[in-house]
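So this block is entry.cif, mmCIF, C-alpha atoms:
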data_entry
#
loop_
_atom_site.label_atom_id
_atom_site.label_comp_id
_atom_site.auth_asym_id
_atom_site.auth_seq_id
_atom_site.Cartn_x
_atom_site.Cartn_y
_atom_site.Cartn_z
CA MET M 10 1.12 135.13 -88.47
CA LYS M 11 1.15 131.39 -87.73
CA ALA M 12 3.93 131.52 -85.15
CA ALA M 13 2.93 134.58 -83.11
CA PRO M 14 0.00 132.98 -81.20
CA VAL M 15 2.04 129.87 -80.41
CA ILE M 16 5.00 131.90 -79.15
CA GLU M 17 2.70 134.05 -77.01
CA ALA M 18 0.97 131.02 -75.51
CA LEU M 19 4.25 129.19 -74.81
CA ASN M 20 5.54 132.27 -72.97
CA LEU M 21 2.86 131.57 -70.37
CA GLU M 22 4.20 128.06 -69.74
CA PRO M 23 6.92 128.46 -67.04
CA GLU M 24 8.61 125.15 -67.83
CA ILE M 25 9.12 126.05 -71.50
CA GLU M 26 12.11 128.00 -72.81
CA GLN M 27 11.90 129.18 -76.42
CA THR M 28 14.53 130.07 -78.99
CA LEU M 29 13.24 131.86 -82.10
CA ILE M 30 15.10 131.44 -85.39
CA HIS M 31 14.38 133.59 -88.44
CA THR M 32 15.86 131.98 -91.53
CA GLY M 33 15.76 135.18 -93.58
CA GLN M 34 13.99 133.41 -96.45
CA HIS M 35 11.69 136.44 -96.61
CA TYR M 36 14.05 139.37 -96.21
CA ASP M 37 12.17 142.35 -97.69
CA ALA M 38 11.27 144.74 -94.85
CA ASN M 39 7.60 144.80 -95.85
CA MET M 40 7.48 141.00 -95.92
CA SER M 41 9.47 140.29 -92.77
CA GLN M 42 10.41 142.94 -90.20
CA VAL M 43 7.03 144.68 -90.36
CA PHE M 44 5.35 141.47 -89.19
CA PHE M 45 7.55 141.21 -86.10
CA ASP M 46 6.77 144.85 -85.31
CA GLN M 47 3.01 144.79 -85.92
CA LEU M 48 2.34 141.42 -84.31
CA GLY M 49 4.33 142.22 -81.18
CA MET M 50 6.64 139.26 -81.68
CA PRO M 51 9.97 139.04 -79.85
CA ARG M 52 13.12 139.71 -81.84
CA PRO M 53 14.60 136.48 -83.20
CA ASP M 54 17.43 134.98 -81.20
CA TYR M 55 19.07 134.13 -84.52
CA ASN M 56 18.67 135.40 -88.07
CA LEU M 57 20.25 133.14 -90.68
CA GLU M 58 19.93 135.88 -93.36
CA VAL M 59 19.68 133.31 -96.13
CA GLY M 60 17.91 135.53 -98.67
CA SER M 61 16.70 134.41 -102.08
CA GLY M 62 18.04 131.80 -104.48
CA THR M 63 17.03 128.62 -106.25
CA HIS M 64 15.17 126.04 -104.21
CA ALA M 65 18.31 123.91 -103.92
CA ARG M 66 20.61 126.77 -102.92
CA GLN M 67 18.17 128.28 -100.45
CA THR M 68 17.37 124.93 -98.81
CA ALA M 69 21.05 124.01 -98.58
CA GLU M 70 22.00 127.38 -97.07
CA ILE M 71 19.28 127.11 -94.45
CA MET M 72 20.35 123.57 -93.53
CA THR M 73 24.01 124.48 -93.24
CA ARG M 74 23.46 127.58 -91.07
CA PHE M 75 20.67 126.04 -89.01
CA GLU M 76 22.68 122.92 -88.14
CA GLU M 77 25.26 124.95 -86.21
CA ILE M 78 22.56 126.61 -84.13
CA ILE M 79 20.52 123.53 -83.32
CA GLN M 80 23.66 121.64 -82.25
CA ARG M 81 24.46 124.52 -79.91
CA GLU M 82 20.95 124.90 -78.49
CA LYS M 83 20.06 121.17 -78.28
CA PRO M 84 16.27 121.66 -78.10
CA ASP M 85 13.79 118.99 -77.04
CA VAL M 86 11.38 119.96 -79.83
CA LEU M 87 11.65 121.91 -83.09
CA VAL M 88 8.43 123.68 -84.11
CA VAL M 89 8.09 124.42 -87.85
CA TYR M 90 5.30 126.22 -89.67
CA GLY M 91 3.62 126.01 -93.05
CA ASP M 92 5.18 124.76 -96.26
CA VAL M 93 8.08 127.00 -97.29
CA ASN M 94 11.66 125.90 -97.92
CA SER M 95 12.55 126.88 -94.34
CA THR M 96 10.03 124.33 -93.08
CA ILE M 97 11.49 121.27 -94.76
CA ALA M 98 15.12 122.44 -94.50
CA THR M 99 15.08 122.83 -90.72
CA ALA M 100 13.01 119.67 -90.24
CA LEU M 101 15.54 117.62 -92.20
CA VAL M 102 18.37 118.85 -89.99
CA ALA M 103 16.43 118.11 -86.81
CA VAL M 104 15.32 114.60 -87.71
CA LYS M 105 18.88 113.54 -88.53
CA LEU M 106 20.01 114.81 -85.14
CA GLY M 107 17.27 112.89 -83.33
CA ILE M 108 15.29 116.00 -82.34
CA ARG M 109 11.51 115.76 -82.27
CA ILE M 110 9.58 117.88 -84.77
CA ALA M 111 6.16 119.53 -84.41
CA HIS M 112 4.59 120.74 -87.66
CA VAL M 113 2.00 123.51 -87.40
CA GLU M 114 -0.41 123.52 -90.38
CA ALA M 115 0.19 119.87 -91.25
CA GLY M 116 -1.77 117.63 -93.60
CA LEU M 117 -2.83 120.17 -96.22
CA ARG M 118 -2.69 118.72 -99.74
CA SER M 119 -3.43 120.20 -103.15
CA GLY M 120 -2.68 116.98 -105.02
CA ASP M 121 -0.41 118.99 -107.34
CA ARG M 122 3.21 117.90 -107.05
CA THR M 123 4.35 120.58 -109.48
CA MET M 124 3.95 122.99 -106.56
CA PRO M 125 7.17 123.24 -104.49
CA GLU M 126 5.02 123.79 -101.41
CA GLU M 127 3.30 120.43 -101.92
CA ILE M 128 6.64 118.63 -101.84
CA ASN M 129 7.63 120.54 -98.70
CA ARG M 130 4.34 119.60 -97.03
CA LEU M 131 4.61 115.90 -97.89
CA LEU M 132 8.21 115.54 -96.75
CA THR M 133 7.81 117.54 -93.54
CA ASP M 134 4.76 115.54 -92.48
CA ALA M 135 6.57 112.27 -93.20
CA ILE M 136 9.30 113.04 -90.64
CA ALA M 137 7.39 115.09 -88.06
CA ASP M 138 6.57 113.55 -84.68
CA ILE M 139 3.45 115.59 -83.98
CA LEU M 140 1.23 117.12 -86.62
CA PHE M 141 -1.10 120.04 -85.86
CA VAL M 142 -3.90 120.26 -88.43
CA THR M 143 -6.12 123.23 -89.22
CA GLU M 144 -9.08 121.49 -90.86
CA PRO M 145 -10.58 117.98 -91.13
CA SER M 146 -9.09 117.37 -94.59
CA GLY M 147 -5.62 117.59 -93.03
CA GLU M 148 -6.36 114.75 -90.64
CA ALA M 149 -7.92 112.65 -93.41
CA ASN M 150 -4.92 113.18 -95.69
CA LEU M 151 -2.44 112.17 -93.01
CA LEU M 152 -4.36 109.03 -92.06
CA ARG M 153 -4.57 108.04 -95.73
CA GLU M 154 -0.80 108.45 -95.98
CA GLY M 155 -0.28 106.08 -93.06
CA VAL M 156 0.42 108.57 -90.25
CA ALA M 157 -0.51 107.13 -86.88
CA HIS M 158 -3.61 108.73 -85.39
CA GLU M 159 -1.88 109.51 -82.09
CA ARG M 160 0.58 111.79 -83.90
CA ILE M 161 -2.22 114.01 -85.27
CA ARG M 162 -3.88 116.86 -83.36
CA TYR M 163 -6.77 118.87 -84.78
CA VAL M 164 -6.20 122.25 -83.10
CA GLY M 165 -7.62 124.88 -85.47
CA ASN M 166 -5.79 127.62 -87.33
CA SER M 167 -3.19 129.73 -85.53
CA MET M 168 -3.07 132.22 -88.40
CA ILE M 169 -6.74 132.94 -87.73
CA ASP M 170 -5.83 133.56 -84.06
CA THR M 171 -3.65 136.41 -85.32
CA LEU M 172 -6.35 137.75 -87.63
CA LEU M 173 -9.00 137.80 -84.91
CA LYS M 174 -6.65 139.38 -82.39
CA HIS M 175 -5.53 142.20 -84.69
CA ARG M 176 -8.65 142.83 -86.77
CA LYS M 177 -9.86 145.77 -84.71
CA LYS M 178 -6.40 147.33 -84.72
CA ALA M 179 -6.23 146.83 -88.49
CA GLU M 180 -9.47 148.78 -88.91
CA GLU M 181 -7.79 151.81 -87.35
CA THR M 182 -5.10 152.12 -90.02
CA ALA M 183 -5.33 154.91 -92.59
CA VAL M 184 -4.52 152.69 -95.56
CA LEU M 185 -7.80 153.42 -97.38
CA ASP M 186 -7.15 157.13 -97.23
CA ARG M 187 -3.52 156.70 -98.23
CA LEU M 188 -4.49 154.66 -101.27
CA GLY M 189 -7.30 156.96 -102.33
CA LEU M 190 -10.03 154.42 -101.63
CA LEU M 191 -12.27 156.58 -99.46
CA GLN M 192 -15.39 158.32 -100.66
CA LYS M 193 -14.85 161.66 -98.97
CA ASP M 194 -17.69 163.17 -96.97
CA ALA M 195 -17.15 166.92 -96.76
CA SER M 196 -19.86 167.28 -94.12
CA LYS M 197 -17.77 165.26 -91.67
CA GLY M 198 -14.79 167.57 -91.70
CA SER M 199 -11.20 166.43 -91.94
CA GLY M 200 -11.32 164.32 -88.79
CA SER M 201 -8.47 162.32 -87.34
CA GLY M 202 -9.40 158.74 -88.25
CA ILE M 203 -10.67 156.90 -91.26
CA PHE M 204 -14.24 156.66 -90.00
CA SER M 205 -14.61 160.44 -89.99
CA GLN M 206 -13.28 160.75 -93.53
CA GLY M 207 -15.89 158.78 -95.45
CA LYS M 208 -16.62 155.18 -96.41
CA ALA M 209 -14.64 152.93 -98.71
CA ILE M 210 -15.48 152.89 -102.38
CA GLU M 211 -15.97 149.49 -103.99
CA PHE M 212 -12.65 147.97 -105.03
CA ILE M 213 -11.02 144.65 -105.90
CA LEU M 214 -7.92 143.41 -104.09
CA LEU M 215 -5.50 141.29 -106.12
CA THR M 216 -2.50 139.19 -105.05
CA LEU M 217 -0.34 137.06 -107.36
CA HIS M 218 2.99 135.39 -106.71
CA ARG M 219 2.92 131.70 -107.64
CA PRO M 220 5.39 130.72 -110.38
CA SER M 221 2.66 128.97 -112.36
CA ASN M 222 0.82 132.30 -112.65
CA VAL M 223 3.58 134.87 -113.00
CA ASP M 224 6.68 133.13 -114.36
CA SER M 225 5.52 133.07 -117.97
CA ARG M 226 3.81 135.67 -120.11
CA GLU M 227 1.40 132.99 -121.34
CA GLY M 228 0.26 132.32 -117.78
CA PHE M 229 0.25 135.92 -116.55
CA LEU M 230 -1.55 137.71 -119.41
CA PRO M 231 -4.85 135.73 -119.34
CA ILE M 232 -5.22 136.51 -115.64
CA LEU M 233 -4.74 140.23 -116.28
CA GLU M 234 -7.29 140.09 -119.10
CA ALA M 235 -9.79 138.35 -116.82
CA VAL M 236 -9.29 140.94 -114.09
CA GLN M 237 -10.04 143.69 -116.60
CA GLY M 238 -13.12 141.78 -117.74
CA ILE M 239 -14.70 141.49 -114.28
CA ARG M 240 -13.65 144.78 -112.72
CA GLY M 241 -16.46 146.96 -114.08
CA GLN M 242 -15.94 150.45 -112.66
CA ARG M 243 -14.12 149.18 -109.59
CA PRO M 244 -10.43 150.01 -109.15
CA VAL M 245 -8.12 147.02 -108.73
CA LEU M 246 -5.45 147.31 -106.04
CA PHE M 247 -2.42 145.05 -106.41
CA PRO M 248 0.19 144.95 -103.60
CA CYS M 249 2.95 143.48 -105.70
CA HIS M 250 5.40 140.80 -104.59
CA PRO M 251 8.98 141.66 -105.66
CA ARG M 252 9.19 138.55 -107.86
CA THR M 253 5.96 139.49 -109.59
CA ARG M 254 7.13 143.05 -110.21
CA GLN M 255 10.25 141.67 -111.84
CA ARG M 256 8.18 139.48 -114.14
CA ILE M 257 5.93 142.38 -115.17
CA LYS M 258 8.96 144.21 -116.49
CA GLU M 259 10.52 141.10 -118.03
CA PHE M 260 7.34 140.25 -119.97
CA ALA M 261 6.66 143.87 -121.05
CA LEU M 262 3.27 143.98 -119.27
CA GLU M 263 3.68 147.46 -117.79
CA GLN M 264 0.84 148.85 -119.89
CA HIS M 265 -1.63 146.97 -117.68
CA PHE M 266 -0.51 148.75 -114.51
CA VAL M 267 -0.16 152.09 -112.79
CA PHE M 268 2.78 151.89 -110.38
CA SER M 269 2.99 153.68 -107.05
CA GLU M 270 5.76 152.55 -104.74
CA ASN M 271 4.60 154.77 -101.86
CA GLY M 272 0.94 153.86 -102.08
CA GLY M 273 -0.22 157.02 -103.81
CA GLN M 274 -2.26 159.89 -102.48
CA GLN M 275 -5.13 159.91 -104.93
CA ARG M 276 -7.74 157.45 -106.03
CA PRO M 277 -6.57 155.02 -108.74
CA LYS M 278 -8.35 155.86 -111.99
CA GLY M 279 -8.68 154.41 -115.45
CA SER M 280 -8.64 150.80 -116.57
CA ARG M 281 -5.14 149.89 -115.42
CA ILE M 282 -4.38 147.91 -112.25
CA PHE M 283 -3.04 150.06 -109.40
CA CYS M 284 0.20 148.42 -108.30
CA THR M 285 1.80 149.23 -104.93
CA ALA M 286 4.78 147.92 -103.00
CA PRO M 287 4.04 145.08 -100.51
CA LEU M 288 1.94 146.20 -97.55
CA GLY M 289 2.27 145.53 -93.85
CA TYR M 290 0.02 143.02 -92.14
CA LEU M 291 -2.43 145.48 -90.58
CA ASP M 292 -2.87 147.45 -93.81
CA PHE M 293 -3.48 144.28 -95.78
CA VAL M 294 -6.04 142.92 -93.32
CA HIS M 295 -7.90 146.24 -93.48
CA LEU M 296 -7.97 146.09 -97.27
CA MET M 297 -9.21 142.49 -97.26
CA ALA M 298 -12.00 143.33 -94.85
CA LYS M 299 -13.18 146.28 -96.96
CA ALA M 300 -12.73 144.75 -100.42
CA ASP M 301 -15.73 144.05 -102.62
CA LEU M 302 -13.85 141.05 -104.00
CA VAL M 303 -10.44 139.42 -103.46
CA LEU M 304 -8.55 137.67 -106.27
CA THR M 305 -5.59 135.62 -105.07
CA ASP M 306 -3.34 132.61 -105.54
CA SER M 307 -2.37 132.60 -101.84
CA GLY M 308 -3.52 129.82 -99.55
CA GLY M 309 -3.44 132.04 -96.48
CA VAL M 310 -5.60 134.71 -98.10
CA GLN M 311 -8.21 132.04 -98.87
CA GLU M 312 -8.42 131.32 -95.14
CA GLU M 313 -8.47 134.96 -94.10
CA THR M 314 -11.23 135.95 -96.55
CA THR M 315 -13.25 132.96 -95.32
CA THR M 316 -12.95 134.25 -91.76
CA LEU M 317 -13.80 137.81 -92.84
CA ALA M 318 -16.71 136.60 -95.05
CA VAL M 319 -15.29 138.43 -98.07
CA PRO M 320 -15.90 136.93 -101.55
CA CYS M 321 -12.73 135.32 -102.91
CA LEU M 322 -11.69 133.86 -106.26
CA THR M 323 -8.63 131.62 -106.07
CA LEU M 324 -6.64 131.88 -109.29
CA ARG M 325 -5.52 128.26 -109.28
CA ASN M 326 -6.81 124.89 -110.45
CA ASN M 327 -6.58 123.36 -106.97
CA THR M 328 -6.40 124.26 -103.32
CA GLU M 329 -4.90 122.56 -100.28
CA ARG M 330 -7.54 124.33 -98.16
CA PRO M 331 -10.85 122.77 -99.28
CA ILE M 332 -12.70 123.98 -96.18
CA THR M 333 -12.64 127.47 -97.70
CA LEU M 334 -14.74 126.07 -100.56
CA THR M 335 -17.28 124.21 -98.41
CA HIS M 336 -17.58 126.57 -95.43
CA GLY M 337 -16.18 129.83 -96.68
CA THR M 338 -16.46 132.40 -99.44
CA ASN M 339 -13.90 130.92 -101.82
CA ILE M 340 -14.37 129.55 -105.36
CA LEU M 341 -11.65 127.94 -107.46
CA ALA M 342 -11.40 130.03 -110.60
CA GLY M 343 -8.64 128.39 -112.62
CA CYS M 344 -6.10 130.45 -114.51
CA THR M 345 -7.69 131.18 -117.88
CA ARG M 346 -9.63 134.27 -118.85
CA GLU M 347 -12.80 132.26 -119.47
CA SER M 348 -12.63 130.18 -116.28
CA ILE M 349 -12.01 133.22 -114.08
CA MET M 350 -14.87 135.19 -115.57
CA ASP M 351 -17.19 132.17 -115.24
CA ALA M 352 -16.16 131.68 -111.61
CA HIS M 353 -16.84 135.36 -110.95
CA ASP M 354 -20.35 135.01 -112.33
CA ARG M 355 -20.96 131.92 -110.15
CA LEU M 356 -19.62 133.68 -107.07
CA MET M 357 -21.84 136.71 -107.60
CA ALA M 358 -24.87 134.47 -108.10
CA SER M 359 -24.18 132.27 -105.08
CA THR M 360 -26.70 132.30 -102.25
CA ARG M 361 -24.61 130.14 -99.91
CA THR M 362 -24.20 131.53 -96.42
CA PRO M 363 -20.55 131.23 -95.36
CA SER M 364 -19.66 129.92 -91.93
CA ARG M 365 -16.43 129.97 -89.95
CA PRO M 366 -14.75 126.52 -89.90
CA PRO M 367 -14.65 124.54 -86.65
CA LEU M 368 -11.96 125.59 -84.13
CA TRP M 369 -11.10 128.75 -86.07
CA ASP M 370 -11.92 130.55 -82.84
CA GLY M 371 -8.71 132.33 -81.84
CA MET M 372 -7.58 129.57 -79.45
CA ALA M 373 -5.38 127.39 -81.68
CA GLY M 374 -2.13 128.81 -80.31
CA GLN M 375 -3.18 127.95 -76.76
CA ARG M 376 -4.12 124.39 -77.76
CA ILE M 377 -0.76 123.92 -79.49
CA ALA M 378 1.13 125.28 -76.46
CA LYS M 379 -0.62 122.88 -74.07
CA ILE M 380 0.21 119.89 -76.28
CA LEU M 381 3.83 120.98 -76.71
CA THR M 382 4.19 121.44 -72.96
CA ALA M 383 2.89 117.91 -72.37
CA LEU M 384 5.26 116.60 -75.06
CA ARG M 385 8.18 118.35 -73.37
CA MET M 386 7.45 116.60 -70.08
CA ARG M 387 7.62 113.06 -71.56
#
Please render this file's structure as structure tokens.
Amino acid sequence: MKAAPVIEALNLEPEIEQTLIHTGQHYDANMSQVFFDQLGMPRPDYNLEVGSGTHARQTAEIMTRFEEIIQREKPDVLVVYGDVNSTIATALVAVKLGIRIAHVEAGLRSGDRTMPEEINRLLTDAIADILFVTEPSGEANLLREGVAHERIRYVGNSMIDTLLKHRKKAEETAVLDRLGLLQKDASKGSGSGIFSQGKAIEFILLTLHRPSNVDSREGFLPILEAVQGIRGQRPVLFPCHPRTRQRIKEFALEQHFVFSENGGQQRPKGSRIFCTAPLGYLDFVHLMAKADLVLTDSGGVQEETTTLAVPCLTLRNNTERPITLTHGTNILAGCTRESIMDAHDRLMASTRTPSRPPLWDGMAGQRIAKILTALRMR
């Protein structure tokens, strides 16, 4: 979602030639290939097919396989995105070979070094030549860390470019009907699209994947109890990350869930959380836009719900995206039953009018492409 607008904009620059490398860090079809298909991205020129593993093994595998390719291609600039292991692994290879690095989504800081992503962010920014920031806090963080001002560019959020471009298309998916989240209107007939079938019932959308939340029973169970405490009569839909599904079984928490790998054909009922396989991008955007409330530990979802003006509780004690707290619809909820329920009450009582952050206007990819083109010509 972050790369697609930049790739599209660079394709319009005749003097730029791109090579796209997919590390294979995310290899599940619903978390990888579906994004290339739905976002209209070109097929990668290379797929390293690294797969899962410990942080050390995964980072080392990416570095080893990537080094062969970058020595063959000899690029002028390496563009890396976000804060995953692929980001720091490829940047480390490039900097040691004297290749310039551009980091998209630079400068974000949670202040929590127990998060692997925080380490990846800090190290990547320390060796990058040009740093594209999404919000003012990113620029302030980098300046405080001693990064020269001329290396920093405040360009907006390329992931929001993707959201704005595909939102209308996402509204045309039948995911609500498939998941049983439509209030049927018999007077409208069967119809051919979701708008002729009825309106969405109120529901909560949940995402969880961070190790601090799901890698211990003691961390996972209070969150589930809080979700049950705030749900009321609303069904809770949980597109489940493969790691999280594994932990549910390992910690014997199945009694809290109803599982449906294929999405189900009838409305989720009862007090248990309705757990589906991971969803494609368009389906997930549609669900976010229609949700009564989103509960998440994902940084990207915080930004997307802010743009969609959907209430969001972040199930963490910190966030590297503070603009979603000041401009958006997000509240930090912590990870305990009591803190989450209290945050829910504060969110429901809030009278703050959310606003879209500056430069989250669908043009970030074009700004990045212009700067990269100028960098290429030096």
Any chance you could work out the residue set of the PyMOL selection byres ((chain M and resi 211) around 6) here, as a PyMOL selection string?
chain M and resi 210+212+243+301
Running the PyMOL selection byres ((chain M and resi 49) around 12) on this model by hand, what would come out? Give it as a PyMOL selection string.
chain M and resi 10+12-14+16-17+42-48+50-53+171+174-175+290
Under the rule that only C-alpha atoms are counted, which of M:Ile25, M:Val310, M:Leu322, M:Leu381 is the nearest residue to M:Leu296?
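Checking each candidate against M:Leu296, we get M:Val310 as the closest.
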Starting from the PyMOL selection byres ((chain M and resi 63-76) around 7), expand the selection into actual residues of this file and give them as a count of residues only.
14
Of the listed residues M:Arg219, M:Arg281, M:Arg240, M:Arg176, that which approaches M:His265 most closely, counting all atoms listed in the file
M:Arg281
Please indicate the distance in Å from atom CA of M:Gly147 to atom CA of M:Lys105, rounded to one decimal place.
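Taking atom CA of M:Gly147 as the start and atom CA of M:Lys105 as the end point, the length is 25.2 Å.
Between atom CA of M:Pro367 and atom CA of M:Ser167 the separation is 12.6 Å.
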Here is a test: counting all atoms listed in the file, which residue of M:His353, M:His31, M:Arg346, M:Arg130 is nearest to M:Cys321?
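So, comparing all the options, the nearest one is M:His353.
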Got a sec: who's within 12 Å of M:Ser348, counting all atoms listed in the file, leaving out chain neighbours fewer than 2 positions off, as a list in words?
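In the requested form, the answer reads Pro231, Ile232, Glu234, Ala235, Val236, Gly238, Ile239, Leu322, Thr323, Leu324, Arg325, Asn326, Ile340, Leu341, Ala342, Gly343, Cys344, Thr345, Arg346, Met350, Asp351, Ala352, His353, Asp354 and Arg355 of chain M.
Residues in contact range of M:Ile161, defined as at most 7 Å between all atoms listed in the file, with sequence neighbours fewer than 5 positions away removed, read Ile139, Leu140, Phe141 and Glu148 of chain M.
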Dump as an mmCIF file, in the frame of the given file, selection limited to C-alpha atoms:
data_model
loop_
_atom_site.group_PDB
_atom_site.id
_atom_site.type_symbol
_atom_site.label_atom_id
_atom_site.label_comp_id
_atom_site.auth_asym_id
_atom_site.auth_seq_id
_atom_site.Cartn_x
_atom_site.Cartn_y
_atom_site.Cartn_z
ATOM 1 C CA ILE M 139 3.450 115.590 -83.980
ATOM 2 C CA LEU M 140 1.230 117.120 -86.620
ATOM 3 C CA PHE M 141 -1.100 120.040 -85.860
ATOM 4 C CA GLU M 148 -6.360 114.750 -90.640
#
